[in-house]
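*Asks:* mmCIF, C-alpha atoms, file coords.cif:
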```cif
data_structure
#
loop_
_atom_site.group_PDB
_atom_site.id
_atom_site.type_symbol
_atom_site.label_atom_id
_atom_site.label_comp_id
_atom_site.auth_asym_id
_atom_site.auth_seq_id
_atom_site.Cartn_x
_atom_site.Cartn_y
_atom_site.Cartn_z
ATOM 1 C CA MET Q 1006 40.983 -16.777 6.070
ATOM 2 C CA CYS Q 1007 38.211 -14.232 6.016
ATOM 3 C CA PRO Q 1008 36.047 -14.276 2.860
ATOM 4 C CA GLU Q 1009 36.013 -10.492 2.819
ATOM 5 C CA HIS Q 1010 39.759 -10.399 2.186
ATOM 6 C CA HIS Q 1011 40.256 -13.494 0.006
ATOM 7 C CA PRO Q 1012 36.986 -14.276 -1.804
ATOM 8 C CA VAL Q 1013 38.585 -16.110 -4.717
ATOM 9 C CA SER Q 1014 40.591 -18.631 -2.717
ATOM 10 C CA ILE Q 1015 37.664 -19.424 -0.442
ATOM 11 C CA SER Q 1016 35.242 -19.574 -3.364
ATOM 12 C CA ASP Q 1017 37.545 -22.089 -5.020
ATOM 13 C CA ARG Q 1018 37.561 -24.308 -1.933
ATOM 14 C CA THR Q 1019 33.837 -24.227 -1.129
ATOM 15 C CA GLY Q 1020 32.178 -23.857 -4.525
ATOM 16 C CA LEU Q 1021 30.650 -20.523 -3.538
ATOM 17 C CA THR Q 1022 30.808 -17.521 -5.811
ATOM 18 C CA ASP Q 1023 31.918 -14.062 -4.735
ATOM 19 C CA ALA Q 1024 28.263 -12.987 -4.700
ATOM 20 C CA ASP Q 1025 27.512 -15.919 -2.384
ATOM 21 C CA TRP Q 1026 30.246 -14.731 -0.027
ATOM 22 C CA LEU Q 1027 28.743 -11.264 0.072
ATOM 23 C CA GLN Q 1028 25.455 -12.848 1.124
ATOM 24 C CA VAL Q 1029 27.210 -14.998 3.724
ATOM 25 C CA ASN Q 1030 28.744 -11.902 5.284
ATOM 26 C CA LYS Q 1031 25.367 -10.149 5.324
ATOM 27 C CA LEU Q 1032 23.790 -13.189 6.986
ATOM 28 C CA ARG Q 1033 26.546 -13.400 9.593
ATOM 29 C CA LYS Q 1034 26.121 -9.710 10.415
ATOM 30 C CA ALA Q 1035 22.347 -10.131 10.667
ATOM 31 C CA TYR Q 1036 22.794 -13.021 13.086
ATOM 32 C CA ALA Q 1037 25.427 -11.175 15.116
ATOM 33 C CA THR Q 1038 23.338 -8.033 15.493
ATOM 34 C CA GLY Q 1039 19.761 -9.327 15.584
ATOM 35 C CA GLY Q 1040 19.965 -12.984 16.481
ATOM 36 C CA ARG Q 1041 17.843 -15.779 15.131
ATOM 37 C CA SER Q 1042 14.854 -13.702 13.978
ATOM 38 C CA ALA Q 1043 17.039 -11.235 12.074
ATOM 39 C CA LEU Q 1044 18.877 -14.123 10.431
ATOM 40 C CA SER Q 1045 15.601 -15.797 9.452
ATOM 41 C CA GLU Q 1046 14.324 -12.593 7.888
ATOM 42 C CA ALA Q 1047 17.590 -12.017 6.010
ATOM 43 C CA LEU Q 1048 17.562 -15.608 4.739
ATOM 44 C CA GLU Q 1049 13.953 -15.352 3.583
ATOM 45 C CA ASP Q 1050 14.804 -12.234 1.621
ATOM 46 C CA PHE Q 1051 17.928 -13.885 0.176
ATOM 47 C CA CYS Q 1052 15.997 -17.064 -0.725
ATOM 48 C CA SER Q 1053 13.361 -15.105 -2.603
ATOM 49 C CA GLN Q 1054 16.116 -13.519 -4.717
ATOM 50 C CA ASN Q 1055 18.161 -16.586 -5.660
ATOM 51 C CA VAL Q 1056 17.142 -20.043 -4.464
ATOM 52 C CA THR Q 1057 20.151 -21.883 -5.937
ATOM 53 C CA SER Q 1058 22.647 -19.581 -4.294
ATOM 54 C CA TYR Q 1059 20.648 -19.765 -1.069
ATOM 55 C CA ILE Q 1060 20.911 -23.550 -0.975
ATOM 56 C CA ARG Q 1061 24.665 -23.476 -1.649
ATOM 57 C CA VAL Q 1062 25.191 -20.968 1.129
ATOM 58 C CA LEU Q 1063 22.951 -22.754 3.582
ATOM 59 C CA ASN Q 1064 24.570 -26.128 3.019
ATOM 60 C CA SER Q 1065 28.183 -24.966 2.814
ATOM 61 C CA ILE Q 1066 28.651 -22.235 5.364
ATOM 62 C CA LEU Q 1067 26.230 -22.046 8.220
ATOM 63 C CA PRO Q 1068 26.791 -24.209 11.283
ATOM 64 C CA ASN Q 1069 24.467 -27.210 11.522
ATOM 65 C CA LYS Q 1070 22.512 -25.856 14.487
ATOM 66 C CA ILE Q 1071 21.765 -22.548 12.745
ATOM 67 C CA ARG Q 1072 20.993 -24.321 9.448
ATOM 68 C CA GLU Q 1073 18.382 -26.568 11.063
ATOM 69 C CA THR Q 1074 16.820 -23.614 12.891
ATOM 70 C CA ILE Q 1075 16.518 -21.641 9.670
ATOM 71 C CA LYS Q 1076 15.044 -24.576 7.743
ATOM 72 C CA ALA Q 1077 12.391 -24.958 10.447
ATOM 73 C CA ASP Q 1078 11.647 -21.225 10.437
ATOM 74 C CA ILE Q 1079 11.364 -21.035 6.655
ATOM 75 C CA GLY Q 1080 9.050 -24.047 6.564
ATOM 76 C CA THR Q 1081 6.812 -22.317 9.081
ATOM 77 C CA SER Q 1082 6.961 -19.053 7.166
ATOM 78 C CA THR Q 1083 5.882 -20.704 3.921
ATOM 79 C CA GLY Q 1084 2.760 -22.072 5.572
ATOM 80 C CA ARG Q 1085 2.093 -18.699 7.161
ATOM 81 C CA TYR Q 1086 2.565 -17.022 3.776
ATOM 82 C CA ARG Q 1087 0.086 -19.378 2.098
ATOM 83 C CA ASP Q 1088 -2.456 -18.619 4.801
ATOM 84 C CA MET Q 1089 -1.829 -14.889 4.384
ATOM 85 C CA VAL Q 1090 -2.348 -15.045 0.605
ATOM 86 C CA THR Q 1091 -5.545 -17.078 1.088
ATOM 87 C CA ARG Q 1092 -6.880 -14.403 3.442
ATOM 88 C CA LEU Q 1093 -5.730 -11.737 0.963
ATOM 89 C CA ASP Q 1094 -7.752 -13.451 -1.772
ATOM 90 C CA LEU Q 1095 -10.868 -13.359 0.415
ATOM 91 C CA ILE Q 1096 -10.414 -9.651 1.130
ATOM 92 C CA VAL Q 1097 -9.877 -8.818 -2.547
ATOM 93 C CA GLN Q 1098 -12.874 -10.969 -3.516
ATOM 94 C CA ASP Q 1099 -15.102 -9.100 -1.053
ATOM 95 C CA LEU Q 1100 -13.884 -5.679 -2.245
ATOM 96 C CA PRO Q 1101 -13.370 -6.042 -6.009
ATOM 97 C CA SER Q 1102 -14.386 -2.534 -6.975
ATOM 98 C CA LEU Q 1103 -12.130 -0.820 -4.452
ATOM 99 C CA HIS Q 1104 -8.588 0.040 -5.338
ATOM 100 C CA CYS Q 1105 -6.555 -1.980 -2.859
ATOM 101 C CA TYR Q 1106 -3.564 -0.217 -1.363
ATOM 102 C CA SER Q 1107 -0.762 -2.297 0.111
ATOM 103 C CA ASN Q 1108 -0.924 -0.459 3.452
ATOM 104 C CA ASP Q 1109 -4.654 -1.073 3.815
ATOM 105 C CA LEU Q 1110 -4.362 -4.745 2.914
ATOM 106 C CA ALA Q 1111 -1.442 -5.268 5.296
ATOM 107 C CA ARG Q 1112 -3.370 -3.561 8.088
ATOM 108 C CA ARG Q 1113 -6.424 -5.761 7.451
ATOM 109 C CA LEU Q 1114 -4.218 -8.856 7.563
ATOM 110 C CA GLY Q 1115 -2.368 -7.703 10.678
ATOM 111 C CA THR Q 1116 1.071 -7.712 9.070
ATOM 112 C CA SER Q 1117 3.595 -5.382 7.512
ATOM 113 C CA VAL Q 1118 3.595 -4.376 3.855
ATOM 114 C CA ARG Q 1119 7.029 -5.974 3.402
ATOM 115 C CA THR Q 1120 5.834 -9.312 4.803
ATOM 116 C CA LEU Q 1121 2.782 -9.200 2.548
ATOM 117 C CA GLN Q 1122 4.996 -8.496 -0.461
ATOM 118 C CA VAL Q 1123 7.336 -11.383 0.425
ATOM 119 C CA ALA Q 1124 4.331 -13.679 0.905
ATOM 120 C CA SER Q 1125 2.936 -12.784 -2.499
ATOM 121 C CA ARG Q 1126 6.258 -13.314 -4.227
ATOM 122 C CA ARG Q 1127 6.875 -16.608 -2.410
ATOM 123 C CA VAL Q 1128 3.389 -18.074 -2.930
ATOM 124 C CA ASN Q 1129 2.370 -16.570 -6.287
ATOM 125 C CA GLY Q 1130 5.746 -15.997 -7.895
ATOM 126 C CA MET Q 1131 4.937 -12.350 -8.589
ATOM 127 C CA SER Q 1132 4.846 -9.026 -6.820
ATOM 128 C CA LEU Q 1133 1.851 -8.047 -4.748
ATOM 129 C CA HIS Q 1134 0.958 -5.310 -7.239
ATOM 130 C CA ALA Q 1135 1.121 -7.704 -10.217
ATOM 131 C CA TYR Q 1136 -0.933 -10.310 -8.341
ATOM 132 C CA LEU Q 1137 -3.675 -7.844 -7.407
ATOM 133 C CA ARG Q 1138 -3.777 -6.506 -10.960
ATOM 134 C CA LEU Q 1139 -4.092 -10.045 -12.333
ATOM 135 C CA LYS Q 1140 -6.935 -10.778 -9.916
ATOM 136 C CA ARG Q 1141 -8.760 -7.645 -11.115
ATOM 137 C CA LEU Q 1142 -8.166 -8.594 -14.761
ATOM 138 C CA LEU Q 1143 -9.594 -12.058 -14.129
ATOM 139 C CA ALA Q 1144 -12.649 -10.492 -12.490
ATOM 140 C CA VAL Q 1145 -13.174 -8.274 -15.564
ATOM 141 C CA ARG Q 1146 -12.814 -11.292 -17.858
ATOM 142 C CA ASP Q 1147 -15.391 -13.223 -15.834
ATOM 143 C CA GLN Q 1148 -17.802 -10.288 -15.993
ATOM 144 C CA LEU Q 1149 -17.308 -9.799 -19.738
ATOM 145 C CA SER Q 1150 -17.820 -13.526 -20.310
ATOM 146 C CA THR Q 1151 -21.397 -13.205 -19.059
ATOM 147 C CA GLY Q 1152 -22.174 -10.667 -21.788
ATOM 148 C CA LEU Q 1153 -24.136 -8.528 -19.328
ATOM 149 C CA LEU Q 1154 -21.725 -5.588 -18.821
ATOM 150 C CA THR Q 1155 -19.983 -3.237 -21.186
ATOM 151 C CA VAL Q 1156 -16.202 -3.187 -21.309
ATOM 152 C CA LYS Q 1157 -16.191 0.255 -19.712
ATOM 153 C CA ALA Q 1158 -18.485 -0.799 -16.849
ATOM 154 C CA ALA Q 1159 -16.476 -3.941 -16.093
ATOM 155 C CA ALA Q 1160 -13.144 -2.096 -16.223
ATOM 156 C CA LEU Q 1161 -14.250 0.813 -14.063
ATOM 157 C CA GLY Q 1162 -16.013 -1.539 -11.655
ATOM 158 C CA ASN Q 1163 -12.713 -3.299 -11.038
ATOM 159 C CA GLY Q 1164 -10.572 -0.224 -10.569
ATOM 160 C CA PHE Q 1165 -9.141 0.278 -14.060
ATOM 161 C CA TRP Q 1166 -9.536 4.019 -14.615
ATOM 162 C CA HIS Q 1167 -7.542 4.480 -17.825
ATOM 163 C CA LEU Q 1168 -9.369 2.427 -20.450
ATOM 164 C CA GLY Q 1169 -6.582 2.541 -23.042
ATOM 165 C CA ASP Q 1170 -4.024 1.172 -20.588
ATOM 166 C CA PHE Q 1171 -6.589 -1.376 -19.415
ATOM 167 C CA SER Q 1172 -7.236 -2.619 -22.965
ATOM 168 C CA ARG Q 1173 -3.510 -3.013 -23.682
ATOM 169 C CA LEU Q 1174 -2.941 -4.859 -20.406
ATOM 170 C CA TYR Q 1175 -5.973 -7.088 -21.014
ATOM 171 C CA ALA Q 1176 -4.793 -7.941 -24.536
ATOM 172 C CA LYS Q 1177 -1.263 -8.681 -23.301
ATOM 173 C CA THR Q 1178 -2.594 -10.932 -20.531
ATOM 174 C CA PHE Q 1179 -5.333 -12.820 -22.391
ATOM 175 C CA GLY Q 1180 -4.294 -12.528 -26.034
ATOM 176 C CA GLU Q 1181 -7.465 -10.757 -27.102
ATOM 177 C CA MET Q 1182 -9.066 -7.364 -26.666
ATOM 178 C CA PRO Q 1183 -11.783 -7.054 -24.010
ATOM 179 C CA SER Q 1184 -14.305 -6.199 -26.706
ATOM 180 C CA GLU Q 1185 -13.565 -9.567 -28.363
ATOM 181 C CA THR Q 1186 -14.291 -11.393 -25.105
ATOM 182 C CA LEU Q 1187 -17.559 -9.501 -24.783
ATOM 183 C CA ALA Q 1188 -18.547 -10.112 -28.430
ATOM 184 C CA ARG Q 1189 -17.890 -13.857 -28.085
ATOM 185 C CA ALA Q 1190 -19.969 -13.973 -24.904
ATOM 186 C CA LYS Q 1191 -22.852 -12.196 -26.604
ATOM 187 C CA ARG Q 1192 -22.726 -14.596 -29.586
ATOM 188 C CA VAL Q 1193 -22.865 -17.572 -27.242
ATOM 189 C CA THR Q 1194 -25.750 -16.222 -25.149
ATOM 190 C CA GLN Q 1195 -27.912 -15.181 -28.122
ATOM 191 C CA PRO Q 1196 -30.279 -17.858 -29.489
#
```
As a first step, turn the structure in this file into structure tokens.
*Replies:*
Amino acid sequence: MCPEHHPVSISDRTGLTDADWLQVNKLRKAYATGGRSALSEALEDFCSQNVTSYIRVLNSILPNKIRETIKADIGTSTGRYRDMVTRLDLIVQDLPSLHCYSNDLARRLGTSVRTLQVASRRVNGMSLHAYLRLKRLLAVRDQLSTGLLTVKAAALGNGFWHLGDFSRLYAKTFGEMPSETLARAKRVTQP
């Protein structure tokens, strides 16, 4: 029986949910139309959304030959993603004061924006935008901890143009206002 027509009866037999069956059908279509590479890409996207469901689907539905191919591809992709994020860190470290756009970063890394976003989510557990923002916040915190820059100079130097939004984001991330970090650093550095 086709899962599209009888999702409940098949779900009962295999332990897959209706949502899993929708994914299975998408994966089958990807493989039928685009072959192995399209299937790998669809599986990577699916895995990043719901790992538990991904494992159920992979183990229950796909033929052994395809399953082993995908496992090998995903293992390779994870290593490639780690390398990509490492190179991303070096680029961001070299250009801290520039506002980094996804297109520019992807071009510098020789990849697509979508691949860079998937790599960030897979390696860091957060979106590319959130990761870059966190890196800039950490740079501001490091600069404020020296006691040598003002809050405004550190924020603007790291691409935070709206100081009110910056202060709220800083406080939410670190549990203190940026001025408190700076004041503590100045107390420590003064004799």
*Asks:* Report, in Å with one decimal, the straight-line distance from atom CA of Q:Thr1151 to atom CA of Q:Ser1132.
*Replies:*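 Atom CA of Q:Ser1132 lies at a distance of 29.3 Å from atom CA of Q:Thr1151.
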*Asks:* Taking into account all atoms listed in the file, which residue in the set Q:Leu1168, Q:Leu1174, Q:Ile1096, Q:Leu1149 is nearest to Q:Ala1188?
*Replies:*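 So, comparing all the options, the nearest one is Q:Leu1149.
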*Asks:* Can you measure atom CA of Q:Ala1159 to atom CA of Q:Val1145 for me? One decimal in Å is fine.
*Replies:*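 These atoms are spaced 5.5 Å apart.
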*Asks:* Near Q:Glu1185, counting all atoms listed in the file, which residues have an atom at most 12 Å away, once you skip same-chain residues fewer than 4 positions from it, shown as a PyMOL selection string?
*Replies:* chain Q and resi 1146+1149-1150+1152+1155-1156+1172+1175-1176+1179-1181+1189-1192
*Asks:* Rounded to one decimal place, report the atom CA of Q:Leu1142-atom CA of Q:Leu1110 distance in Å.
*Replies:*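 Computing the Euclidean distance for atom CA of Q:Leu1142 and atom CA of Q:Leu1110 yields 18.5 Å.
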*Asks:* Can you turn the PyMOL selection byres ((chain Q and resi 1107) around 12) into a concrete residue list for this file, as JSON, numbers by chain?
*Replies:* {"Q": [1093, 1097, 1104, 1105, 1106, 1108, 1109, 1110, 1111, 1112, 1113, 1114, 1115, 1116, 1117, 1118, 1119, 1120, 1121, 1122, 1125, 1132, 1133, 1134, 1135, 1136, 1137]}
